[in-house]
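Below: the structure, in structure tokens.
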Amino acid sequence: MDKYQNIRNNIIDRYSCLVDDEKKFADSINIPLKQSFRVNTLKEKKKTVINKLKEYDSNIKTTKWNDNAHISELNNLGSSLEHFVGQIYIQELTSMIPPLIVKDLIKDIKIIDCCAAPGSKTTQIAAMMENKGHIIANDARHARLKSLRGNLDRLGVTNTSVTLRDFKSFPNTSADLYFVDAPCSSEGTIRKKNAVARTWKERDYLRFNKLQNGLLSKACEMAPSGSTIVYSTCTFSPDENEKVVSETLDKYDLKMKTISIENLRSESGITEWNNESYNSEVKKCMRVWPHHNDTDAFFIARMEKY
Amino acid sequence: MKQLEEVKKNLLLEYCLERFGINPEIWEGYIWYSGSKNKIYLANTLELERIIPESKGICIFRLDKSPKPTTNFLQLFGRYITRNYVELDNENTKKYCRGEDLILENNKSIIPGFLLMTNKNRFLGCGHWNGKILKNQLPKSKFCKINFL
Ligand SMILES: C[S@@+](CC[C@H](N)C(=O)[O-])C[C@H]1O[C@@H](n2cnc3c(N)ncnc32)[C@H](O)[C@@H]1O
């Protein structure tokens with residue numbers, strides 16, 4: 001038994017009550033994920049890059065829900081020349097979801113990525129914007145800014161300013177769109193090699209909840225009327241997901257938006273956990289379970305400020 | 001970071017045109033900044049109020065006595081470069097990516113100075129040709145063992 005098996009078993013035990021098919025859920029948690037990536041269209045056309053990569057791995061597949069999400073049998077595309085020159089970015093499939101659910105908004109606008117390092121979503125958004133508009137990519141940790149900067153440089157992102165701040169004390173800044181891709185217990189990444197694998201206690205979830213509440217609240221406070229806020233985590237934990245959104249809905253004038261991605265199977269947010277009920281609007285949040293699309297787990301909410 | 005003085009900007013525009021044949025029209029819409037350690041940045045970002053960013057856009061030059069283009073710059077704008085680029089074979093590409101200097105065959109026509117290194121339309125980065133040897137200009141952080149090319 002490998003050293004992570006206990007952690008996987010804990011996750012399976014804790015969340016089986018929330019899933020449609022316990023066996024499939026448990027099985028999926030125990031199968032490692034393949035490497036996934038997207039083409040950086042700031043540098044080269046998708047087709048050109050995929051054709052070249054197929055010389056290394058003829059089995060590269062594109063998902064049916066995102067035409068720029070590809071899966072490889074190789075686990076070291078990071079040592080390809082395409083990676084070196086910034087034509088591809090290795091990224092978990094679920095990590096590509098937040099920009100996709102606001103595809104309708106992403107054009108020449110102003111965006112704040114509140115917790116941006118190492119820049120997976122920032123670089124994805126910049127490519128969708130074709131380097132137009134403006135992004136502020138913020139992170140609180142100096143050590144992680146290096147990887148953020150390195151990725152912006154490698155991918156050739158020119159429309160982004162990098163700031164180093166605890167977002168809770170970020171000066172009020174008006175924007176059209178805010179991404180709060182919050183620090184979390186990261187349980188949902190357990191299928192990934194080198195995942196943050198540890199067992200969390202109830203009080204850890206509540207500690208994350210407090211931090212996430214602070215970050216999302218700050219975005220809601222500074223967001224002008226009509227702007228959009230996207231909250232996401234890579235954890236199963238309702239304390240870090242629906243509970244955070246529910247508490248935020250109770251504090252600010254927000255309208256929840258229903259979200260869906262064509263051909264991606266997802267479920268609604270849950271309204272009860274640990275004998276606690278949440279604001280019924282959290283049903284509009286999206287939960288992505290590992291066994292439905294062969295991915296990590298993910299949680300996401302889209303809100304509009306009144 | 002502050003906006004780059006017009007004189008220095010014009011010097012760099014001229015260098016890009018003279019050395020690499022880059023059409024100055026492509027710079028429309030960008031703002032040029034100077035940062036610490038003589039670094040020049042290129043960005044199309046907003047001026048922020050009440051917060052000083054760590055960086056804007058990408059670092060494209062070091063401007064000491066003469067301009068030195070960065071690898072980020074050559075990788076991004078390689079497609080506009082029409083002269084002073086060198087196509088490497090796969091063996092030399094691997095060496096280049098590992099950070100090694102290179103001996104170039106057929107080097108008679110290469111004009112000393114900074115060069116863009118390419119491999120089949122993939123823009124690798126910067127090298128410096130002194131007439132004898134190609135000095136690798138990759139930053140250490142980019143050194144990499146390439147398995148697929
Ligand atoms: C889930 S990661 C973000 C991943 C990133 N959005 C991406 O797609 O690459 C969460 C990030 O939040 C940062 N963070 C933690 N506390 C923060 C705070 N108070 N303010 C801003 N960022 C914070 C962490 O340093 C970490 O980089």
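Just remember, in the structure tokens the first chain shown is A, the second B, etc., residues are 1-based per chain, and ligands are 1-based in the order shown.
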
| range 141-147 of chain B environment, 7 Å, only C-alpha atoms, sequence neighbours closer than 3 positions dropped, as number ranges by chain | A: 79-81; B: 94, 97-99, 138

Just-selected residues, N, CA, C and O atoms written as a PDB file, in the first residue's frame:
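File produced: selection36.pdb:
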```pdb
ATOM      1  N   SER A  79       9.424  18.441 -21.104  1.00  0.00           N
ATOM      2  CA  SER A  79      10.752  18.416 -21.720  1.00  0.00           C
ATOM      3  C   SER A  79      10.661  18.423 -23.253  1.00  0.00           C
ATOM      4  O   SER A  79      11.585  18.005 -23.926  1.00  0.00           O
ATOM      5  N   SER A  80       9.532  18.914 -23.768  1.00  0.00           N
ATOM      6  CA  SER A  80       9.416  19.066 -25.227  1.00  0.00           C
ATOM      7  C   SER A  80       9.863  20.476 -25.620  1.00  0.00           C
ATOM      8  O   SER A  80       9.815  21.409 -24.807  1.00  0.00           O
ATOM      9  N   LEU A  81      10.271  20.607 -26.869  1.00  0.00           N
ATOM     10  CA  LEU A  81      10.685  21.936 -27.340  1.00  0.00           C
ATOM     11  C   LEU A  81       9.497  22.903 -27.347  1.00  0.00           C
ATOM     12  O   LEU A  81       9.656  24.098 -27.120  1.00  0.00           O
TER      13      LEU A  81
ATOM     14  N   LYS B  94      19.395  20.885 -28.813  1.00  0.00           N
ATOM     15  CA  LYS B  94      19.437  20.284 -27.473  1.00  0.00           C
ATOM     16  C   LYS B  94      20.559  20.914 -26.634  1.00  0.00           C
ATOM     17  O   LYS B  94      20.367  21.218 -25.457  1.00  0.00           O
ATOM     18  N   CYS B  97      19.567  24.436 -25.574  1.00  0.00           N
ATOM     19  CA  CYS B  97      18.580  24.445 -24.483  1.00  0.00           C
ATOM     20  C   CYS B  97      19.206  24.038 -23.144  1.00  0.00           C
ATOM     21  O   CYS B  97      18.717  24.404 -22.093  1.00  0.00           O
ATOM     22  N   ARG B  98      20.312  23.260 -23.219  1.00  0.00           N
ATOM     23  CA  ARG B  98      21.017  22.897 -21.973  1.00  0.00           C
ATOM     24  C   ARG B  98      21.911  24.037 -21.484  1.00  0.00           C
ATOM     25  O   ARG B  98      22.516  23.947 -20.429  1.00  0.00           O
ATOM     26  N   GLY B  99      22.035  25.080 -22.297  1.00  0.00           N
ATOM     27  CA  GLY B  99      22.825  26.238 -21.878  1.00  0.00           C
ATOM     28  C   GLY B  99      24.243  26.244 -22.412  1.00  0.00           C
ATOM     29  O   GLY B  99      25.070  27.053 -21.987  1.00  0.00           O
ATOM     30  N   LEU B 138      21.004  32.144 -22.831  1.00  0.00           N
ATOM     31  CA  LEU B 138      19.823  31.734 -22.049  1.00  0.00           C
ATOM     32  C   LEU B 138      20.061  32.007 -20.565  1.00  0.00           C
ATOM     33  O   LEU B 138      21.142  31.700 -20.063  1.00  0.00           O
TER      34      LEU B 138
END
```

| Residues within 6 Å of ligand 1, counting only C-alpha atoms and all ligand atoms, as a PyMOL selection string | chain A and resi 114-121+139-141+166-168+181-183

Dump N, CA and C atoms for the selected residues as a CSV table (one decimal), in the first residue's frame?
```csv
chain,number,residue,atom,x,y,z
A,114,CYS,N,-7.1,37.5,-8.3
A,114,CYS,CA,-6.8,37.9,-6.9
A,114,CYS,C,-5.7,36.9,-6.3
A,115,CYS,N,-5.7,35.7,-6.7
A,115,CYS,CA,-4.8,34.7,-6.2
A,115,CYS,C,-4.2,34.0,-7.4
A,116,ALA,N,-3.2,34.6,-8.0
A,116,ALA,CA,-2.8,34.2,-9.4
A,116,ALA,C,-1.7,33.2,-9.6
A,117,ALA,N,-0.8,33.1,-8.6
A,117,ALA,CA,0.4,32.2,-8.8
A,117,ALA,C,0.0,30.7,-8.8
A,118,PRO,N,0.6,29.9,-9.7
A,118,PRO,CA,1.7,30.2,-10.6
A,118,PRO,C,1.2,30.7,-12.0
A,119,GLY,N,-0.1,31.1,-12.1
A,119,GLY,CA,-0.5,31.8,-13.4
A,119,GLY,C,-1.1,30.9,-14.4
A,120,SER,N,-1.6,29.7,-14.0
A,120,SER,CA,-2.3,28.8,-15.0
A,120,SER,C,-3.5,29.6,-15.6
A,121,LYS,N,-4.3,30.1,-14.7
A,121,LYS,CA,-5.5,30.8,-15.3
A,121,LYS,C,-5.2,32.2,-15.9
A,139,ASP,N,-0.7,38.0,-6.1
A,139,ASP,CA,-0.5,36.8,-5.2
A,139,ASP,C,0.2,37.4,-3.9
A,140,ALA,N,-0.1,36.7,-2.8
A,140,ALA,CA,0.4,37.2,-1.5
A,140,ALA,C,1.8,36.6,-1.2
A,141,ARG,N,2.2,35.6,-2.0
A,141,ARG,CA,3.5,34.9,-1.6
A,141,ARG,C,4.6,35.2,-2.6
A,166,ASP,N,-1.4,40.8,0.1
A,166,ASP,CA,-2.4,40.0,0.7
A,166,ASP,C,-3.7,40.6,0.1
A,167,PHE,N,-4.5,39.8,-0.6
A,167,PHE,CA,-5.6,40.4,-1.3
A,167,PHE,C,-6.6,41.0,-0.4
A,168,LYS,N,-6.6,40.6,0.9
A,168,LYS,CA,-7.6,41.1,1.8
A,168,LYS,C,-7.3,42.6,2.1
A,181,ASP,N,-9.5,32.4,-7.1
A,181,ASP,CA,-9.2,31.0,-7.2
A,181,ASP,C,-8.4,30.7,-5.9
A,182,ALA,N,-9.2,30.4,-4.9
A,182,ALA,CA,-8.7,30.5,-3.5
A,182,ALA,C,-7.8,29.4,-3.1
A,183,PRO,N,-6.9,29.7,-2.1
A,183,PRO,CA,-6.1,28.6,-1.5
A,183,PRO,C,-7.1,27.7,-0.8
```

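Residue-level contacts from chain A to chain B at 6 Å, counting only C-alpha atoms, read Ser79, Ser80, Leu81, Val85, His134, Asp153, Gly156, Thr158, Asn159, Thr160, Ser161, Val162 and Thr163 of chain A.
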
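Residues surrounding His70 in chain A within 7 Å are Ser36, Phe37, Arg38, Ile60, Lys61, Thr62 and Thr63 of chain A [only C-alpha atoms; sequence separation below 3 positions excluded].
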
Give me the residues near Ser280 in chain A as a CSV table (one decimal) with N, CA and C atoms, in the first residue's frame, where near means some atom within 9 Å (using only C-alpha atoms) and where sequence neighbours in that chain fewer than 6 positions away do not count.
```csv
chain,number,residue,atom,x,y,z
A,246,SER,N,-22.4,30.7,0.4
A,246,SER,CA,-23.6,31.0,1.1
A,246,SER,C,-23.4,32.2,2.1
A,270,ILE,N,-24.3,21.7,-3.2
A,270,ILE,CA,-25.2,21.1,-2.2
A,270,ILE,C,-25.7,22.1,-1.2
A,271,THR,N,-26.8,21.8,-0.5
A,271,THR,CA,-27.3,22.8,0.4
A,271,THR,C,-27.3,22.4,1.8
```

| request: Enter the distance from CA of Lys65 in chain B to CA of Lys135 in chain B, in Å, rounded to one decimal. | output: 18.4 Å
